[in-house]
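*Asks:* The structure under discussion is supplied below as structure tokens; questions concerning it will follow.
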Amino acid sequence: MTKRMSALPIALLSLTLLTGCDRGEELAATEVLNNTNCKGAQDGLHPVSYADVARLRGSTLLSMSAGTQPPDASSQSELLLFAISAGRQPTPGYYFSLKDARLKNGVAELQLHWQTPDPDSVQAQVITYPCIVVGLEAGDFSDIRAVDQHGEKLGEVRI
């Protein structure tokens with residue numbers, strides 16, 4: 001007994017194979033900071049400095065002690081730093097995680113997962129400001145976009 005496949009799934013499979021799935025070129029990116037209570041984090045996507053990262057943690061950068069040589073300039077990181085925040089949240093349990101970074105049509109896209117607490121969970125009533133800072137190697141792009149797991153834009157910036 002032979003089973004017949006409908007024409008629609010075959011047509012969709014053929015179209016997918018012919019056109020491919022353009023996920024874009026992979027970019028090197030890393031989580032520099034992932035904090036559930038960033039101090040002074042702004043909603044959206046914003047370029048930041050290392051001093052800003054320390055401030056988001058609620059601290060400051062330590063200066064070089066006397067007699068210590070600064071690192072060789074060639075060993076300095078060339079990372080572009082970006083803070084992503086969803087602003088003020090009413091309870092703990094909200095946080096970001098970096099899933100991927102891709103170059104798509106000349107735009108660097110940071111793909112994040114935005115975790116929310118289970119609606120039935122019991123949470124402390126504490127205001128939080130979760131954020132993530134992503135370090136991205138410079139590349140052939142002038143726009144950065146952050147999206148969540150549903151493809152919703154969290155922010156965009158031109159550098």
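Here's how to read the names in the structure tokens: chain A, B, ... by the order shown, residue numbers from 1 in each chain, ligand numbers from 1 in the order shown.
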Show me, as a PDB file with N, CA, C and O atoms, in the first residue's frame, the residues that have an atom within 7 Å of Phe82 in chain A when counting only C-alpha atoms, minus same-chain residues fewer than 4 positions from it.
*Replies:*
ATOM      1  N   LEU A  45      18.170  49.503  23.357  1.00  0.00           N
ATOM      2  CA  LEU A  45      19.543  49.141  23.011  1.00  0.00           C
ATOM      3  C   LEU A  45      20.375  50.408  22.961  1.00  0.00           C
ATOM      4  O   LEU A  45      20.002  51.366  22.274  1.00  0.00           O
ATOM      5  N   HIS A  46      21.509  50.415  23.708  1.00  0.00           N
ATOM      6  CA  HIS A  46      22.353  51.604  23.768  1.00  0.00           C
ATOM      7  C   HIS A  46      23.823  51.214  23.778  1.00  0.00           C
ATOM      8  O   HIS A  46      24.211  50.282  24.486  1.00  0.00           O
ATOM      9  N   PRO A  47      24.670  51.942  23.011  1.00  0.00           N
ATOM     10  CA  PRO A  47      26.112  51.697  23.116  1.00  0.00           C
ATOM     11  C   PRO A  47      26.594  52.149  24.491  1.00  0.00           C
ATOM     12  O   PRO A  47      26.101  53.145  25.027  1.00  0.00           O
ATOM     13  N   VAL A  48      27.545  51.400  25.071  1.00  0.00           N
ATOM     14  CA  VAL A  48      28.091  51.740  26.384  1.00  0.00           C
ATOM     15  C   VAL A  48      29.601  51.559  26.380  1.00  0.00           C
ATOM     16  O   VAL A  48      30.159  50.893  25.506  1.00  0.00           O
ATOM     17  N   VAL A 133      24.657  43.242  28.836  1.00  0.00           N
ATOM     18  CA  VAL A 133      25.615  43.970  28.013  1.00  0.00           C
ATOM     19  C   VAL A 133      26.287  42.953  27.116  1.00  0.00           C
ATOM     20  O   VAL A 133      26.819  41.939  27.603  1.00  0.00           O
ATOM     21  N   VAL A 134      26.234  43.191  25.818  1.00  0.00           N
ATOM     22  CA  VAL A 134      26.808  42.288  24.822  1.00  0.00           C
ATOM     23  C   VAL A 134      28.015  42.962  24.195  1.00  0.00           C
ATOM     24  O   VAL A 134      27.952  44.133  23.814  1.00  0.00           O
ATOM     25  N   GLY A 135      29.101  42.216  24.102  1.00  0.00           N
ATOM     26  CA  GLY A 135      30.290  42.656  23.386  1.00  0.00           C
ATOM     27  C   GLY A 135      30.287  42.046  22.001  1.00  0.00           C
ATOM     28  O   GLY A 135      30.113  40.838  21.847  1.00  0.00           O
TER      29      GLY A 135
END
*Asks:* With only C-alpha atoms as the counted atoms, please give the residues lying no more than 7 Å from range 26-32 of chain A, apart from itself and same-chain residues fewer than 2 positions off, as a list in words.
*Replies:*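 So, after excluding close chain neighbours, the residues are Gly24, Asn34, Leu98, Ala101, Arg102, Leu103, Val133, Val134, Gly135, Leu136 and Glu137 of chain A.
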*Asks:* Fewer than 5 positions away in the same chain doesn't count, so skip those; otherwise give me all residues within 12 Å of Val122 in chain A, counting only C-alpha atoms, as number ranges by chain.
*Replies:* A: 91-93, 117
*Asks:* Print the selection's residues with all heavy atoms to a file, as a PDB file, in the first residue's frame.
*Replies:*
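Produced file result_8.pdb, reproduced below:
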ATOM      1  N   THR A  91       8.908  42.503  39.622  1.00  0.00           N
ATOM      2  CA  THR A  91       9.375  41.404  40.475  1.00  0.00           C
ATOM      3  C   THR A  91      10.683  40.842  39.917  1.00  0.00           C
ATOM      4  O   THR A  91      11.052  41.115  38.773  1.00  0.00           O
ATOM      5  CB  THR A  91       8.354  40.243  40.499  1.00  0.00           C
ATOM      6  OG1 THR A  91       8.270  39.667  39.193  1.00  0.00           O
ATOM      7  CG2 THR A  91       6.985  40.687  40.964  1.00  0.00           C
ATOM      8  N   PRO A  92      11.377  40.011  40.705  1.00  0.00           N
ATOM      9  CA  PRO A  92      12.506  39.263  40.147  1.00  0.00           C
ATOM     10  C   PRO A  92      11.975  38.215  39.153  1.00  0.00           C
ATOM     11  O   PRO A  92      10.775  38.005  39.052  1.00  0.00           O
ATOM     12  CB  PRO A  92      13.108  38.580  41.374  1.00  0.00           C
ATOM     13  CG  PRO A  92      12.527  39.235  42.558  1.00  0.00           C
ATOM     14  CD  PRO A  92      11.215  39.819  42.137  1.00  0.00           C
ATOM     15  N   GLY A  93      12.863  37.562  38.465  1.00  0.00           N
ATOM     16  CA  GLY A  93      12.450  36.509  37.541  1.00  0.00           C
ATOM     17  C   GLY A  93      12.485  36.933  36.086  1.00  0.00           C
ATOM     18  O   GLY A  93      12.229  36.131  35.194  1.00  0.00           O
ATOM     19  N   PRO A 117       8.874  35.608  34.521  1.00  0.00           N
ATOM     20  CA  PRO A 117       8.496  34.600  35.519  1.00  0.00           C
ATOM     21  C   PRO A 117       7.167  33.942  35.157  1.00  0.00           C
ATOM     22  O   PRO A 117       6.318  34.544  34.488  1.00  0.00           O
ATOM     23  CB  PRO A 117       8.389  35.395  36.816  1.00  0.00           C
ATOM     24  CG  PRO A 117       8.267  36.815  36.425  1.00  0.00           C
ATOM     25  CD  PRO A 117       8.861  36.953  35.059  1.00  0.00           C
TER      26      PRO A 117
END
*Asks:* Would you give me, as an MDAnalysis selection string, the residues in range 15-156 of chain A that DSSP reads as helix (DSSP H, G or I)?
*Replies:* chainID A and resid 15:19 50:57 73:75
*Asks:* Export C-alpha atoms of the chosen residues as a PDB file, in the first residue's frame?
*Replies:*
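Contents of the output file again.pdb:
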ATOM      1  CA  LEU A  15      10.598  26.123  -2.280  1.00  0.00           C
ATOM      2  CA  THR A  16      12.590  25.984   0.962  1.00  0.00           C
ATOM      3  CA  LEU A  17      15.327  23.894  -0.666  1.00  0.00           C
ATOM      4  CA  LEU A  18      15.526  26.210  -3.686  1.00  0.00           C
ATOM      5  CA  THR A  19      15.558  29.527  -1.820  1.00  0.00           C
ATOM      6  CA  TYR A  50      33.503  49.823  30.120  1.00  0.00           C
ATOM      7  CA  ALA A  51      32.928  52.570  32.710  1.00  0.00           C
ATOM      8  CA  ASP A  52      29.189  52.378  31.904  1.00  0.00           C
ATOM      9  CA  VAL A  53      29.290  48.606  32.451  1.00  0.00           C
ATOM     10  CA  ALA A  54      30.791  49.155  35.910  1.00  0.00           C
ATOM     11  CA  ARG A  55      28.121  51.783  36.652  1.00  0.00           C
ATOM     12  CA  LEU A  56      25.361  49.346  35.601  1.00  0.00           C
ATOM     13  CA  ARG A  57      26.788  46.912  38.164  1.00  0.00           C
ATOM     14  CA  ALA A  73      47.448  48.592  22.914  1.00  0.00           C
ATOM     15  CA  SER A  74      47.457  45.554  20.609  1.00  0.00           C
ATOM     16  CA  SER A  75      46.096  43.403  23.458  1.00  0.00           C
TER      17      SER A  75
END
*Asks:* Residues of range 79-156 of chain A classed as strand (DSSP E) by DSSP on the backbone are to be reported as a PyMOL selection string.
*Replies:* chain A and resi 79-85+95-104+107-115+131-137+143-147+153-156
